[in-house]
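**Q** Before anything else, here's the structure in question.
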Amino acid sequence: MAEKPLRADARRNRARVLEAAEAAFSAEGMAVPLDEIARRAGVGAGTVYRHFPTKEALFEAVIHDRFRRLAEDAQALAETRRPGQAFHAFLARVVEQAMLNKALCDALETAGSPVKPQGVEGDIWDAFGALLAAAQRDGAVRADIDLFDLRAVLSGALTMERHVREGGRPAGRMTEILLDALRPRS
């Protein structure tokens with residue numbers, strides 16, 4: 001049986017909850033309570049639970065949207081840049097955005113498992129895989145790197161960037177070092 005479409009006020013409330021959740025998860029990650037998200041959205045806790053039965057479901061909806069936008073970014077880069085430039089720009093962009101968004105950082109760091117993700121999370125890794133393959137065909141990325149390696153590199157880049165930022169080093173430095181390591185050996 002198909003679900004009934006949401007009333008206009010319910011759609012607005014859902015959108016406000018998602019907007020508040022994105023901001024809260026971005027700043028605080030999963031530590032933020034659902035009641036706090038409801039307060040920031042200007043709705044009651046029951047409204048949040050009606051749309052998202054658990055905090056994990058709300059987090060997933062927020063991350064789903066972010067991953068979808070990143071996959072679209074990857075496609076745009078693939079269409080407008082040379083393969084190596086597109087790959088390097090996308091990897092650097094993902095790390096940069098994750099450093100500014102705790103929810104995205106948390107989601108990407110846990111996405112490093114060897115299990116093939118499904119849905120939109122799979123879409124971002126499919127986009128990474130397409131950029132990687134094109135960059136390798138173009139000779140801009142080492143041929144011995146696969147998607148599993150790339151996931152580990154991305155997770156490592158996030159950890160390293162967080163570490164050097166705490167030490168006052170310039171943002172992006174570790175990502176540049178990693179990108180250099182991915183280039184073919186001369």
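Identifiers in this document derive from the order of the structure tokens: chains are assigned A, B, ..., residues are numbered from 1 separately in each chain, and ligands are numbered from 1 in order of occurrence.
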Please tabulate, as a Markdown table, the residues of segment 18-112 of chain A that come within 9 Å of segment 168-186 of chain A, each with its closest pair of atoms and the distance in Å to one decimal, counting only C-alpha atoms and ordering rows by chain, then residue number upward.

**A**
```
| residue | atom | partner | partner_atom | distance |
| --- | --- | --- | --- | --- |
| A:His88 | CA | A:Leu179 | CA | 6.7 |
| A:Leu91 | CA | A:Thr175 | CA | 8.3 |
| A:Ala92 | CA | A:Thr175 | CA | 6.4 |
| A:Val95 | CA | A:Thr175 | CA | 7.5 |
| A:Glu96 | CA | A:Gly172 | CA | 7.2 |
```

**Q** List the spatial neighbours of Val141 of chain A as a list in words - criterion: any atom at most 8 Å away, only C-alpha atoms, same-chain residues fewer than 2 positions off excluded.

**A**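 My list of contacting residues is Gly84, Leu132, Ala135, Gln136, Asp138, Gly139, Ala143, Ile145, Leu182, Arg183 and Pro184 of chain A.
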
**Q** By how many Å are atom CA of Gly122 of chain A and atom CA of Ala134 of chain A apart?

**A**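 Calculated distance between atom CA of Gly122 of chain A and atom CA of Ala134 of chain A is 18.2 Å.
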
**Q** Compile a residue-level contact table for segment 95-173 of chain A against segment 69-77 of chain A at a cut-off of 7 Å, reporting for every qualifying residue the shortest atom pair and its distance in Å to one decimal, with only C-alpha atoms counted, rows ordered by chain and ascending number, as CSV.

**A**
```
residue,atom,partner,partner_atom,distance
A:Asp123,CA,A:Ala71,CA,6.3
A:Ile124,CA,A:Ala71,CA,4.8
A:Ala127,CA,A:Ala71,CA,5.8
```

**Q** Grab the residues selected above and save them as a compact mmCIF listing (two decimals), in the first residue's frame with all heavy atoms.

**A**
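What ended up in part.txt:
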```txt
# COMPACT_ATOMS: atom_id res chain seq x y z
N ASP A 123 26.62 5.24 -4.54
CA ASP A 123 26.76 6.17 -5.66
C ASP A 123 28.04 7.00 -5.53
O ASP A 123 28.72 7.25 -6.52
CB ASP A 123 25.56 7.11 -5.75
CG ASP A 123 24.27 6.41 -6.17
OD1 ASP A 123 24.35 5.25 -6.64
OD2 ASP A 123 23.21 7.01 -6.02
N ILE A 124 28.34 7.45 -4.32
CA ILE A 124 29.56 8.26 -4.16
C ILE A 124 30.79 7.41 -4.44
O ILE A 124 31.75 7.87 -5.07
CB ILE A 124 29.64 8.96 -2.79
CG1 ILE A 124 30.78 10.00 -2.81
CG2 ILE A 124 29.83 7.99 -1.66
CD1 ILE A 124 30.87 10.86 -1.59
N ALA A 127 31.07 6.93 -8.10
CA ALA A 127 31.63 8.15 -8.70
C ALA A 127 33.13 8.20 -8.48
O ALA A 127 33.89 8.51 -9.41
CB ALA A 127 30.95 9.38 -8.09
```

**Q** Tell me, which residues of segment 5-184 of chain A carry DSSP alpha helix (DSSP H), written as an MDAnalysis selection string?

**A** chainID A and resid 8:28 34:41 45:51 55:80 83:100 102:110 119:137 147:166 173:182

**Q** Could you please determine the separation between atom CA of Met99 of chain A and atom CA of Phe87 of chain A in Å, to one decimal place?

**A**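 Computing it gives 18.5 Å between the two atoms.
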
**Q** Go through A:Ala78, A:Ala98, A:Leu58, A:Ala45 and flag the residue nearest Thr159 of chain A, using only C-alpha atoms for the distances.

**A**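 Among A:Ala78, A:Ala98, A:Leu58, A:Ala45, it is A:Ala98 that comes nearest to Thr159 of chain A.
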
**Q** For atom CA of Met160 of chain A and atom CA of Asp146 of chain A, quote the distance in Å rounded to one decimal.

**A**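 About the pair atom CA of Met160 of chain A and atom CA of Asp146 of chain A: they are 20.6 Å apart.
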
**Q** Which residue gives the smallest distance to Leu131 of chain A among A:Ala86, A:Leu147, A:Ala61, A:Ala27, with only C-alpha atoms counted?

**A**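 The answer is A:Ala86, which sits nearest to Leu131 of chain A.
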
**Q** Near Gly42 of chain A, counting only C-alpha atoms, which residues have an atom at most 10 Å away, once you skip same-chain residues fewer than 2 positions from it, shown as a list in words?

**A**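 Listed by chain and then number, they are Asn13, Arg16, Val17, Ala20, Glu36, Ile37, Ala38, Arg39, Arg40, Gly44, Ala45 and Thr47 of chain A.
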
**Q** Using only C-alpha atoms for the distances, tell me which of A:Ser26, A:Arg165, A:Gly129, A:Arg137 is nearest to Leu150 of chain A.

**A** A:Gly129
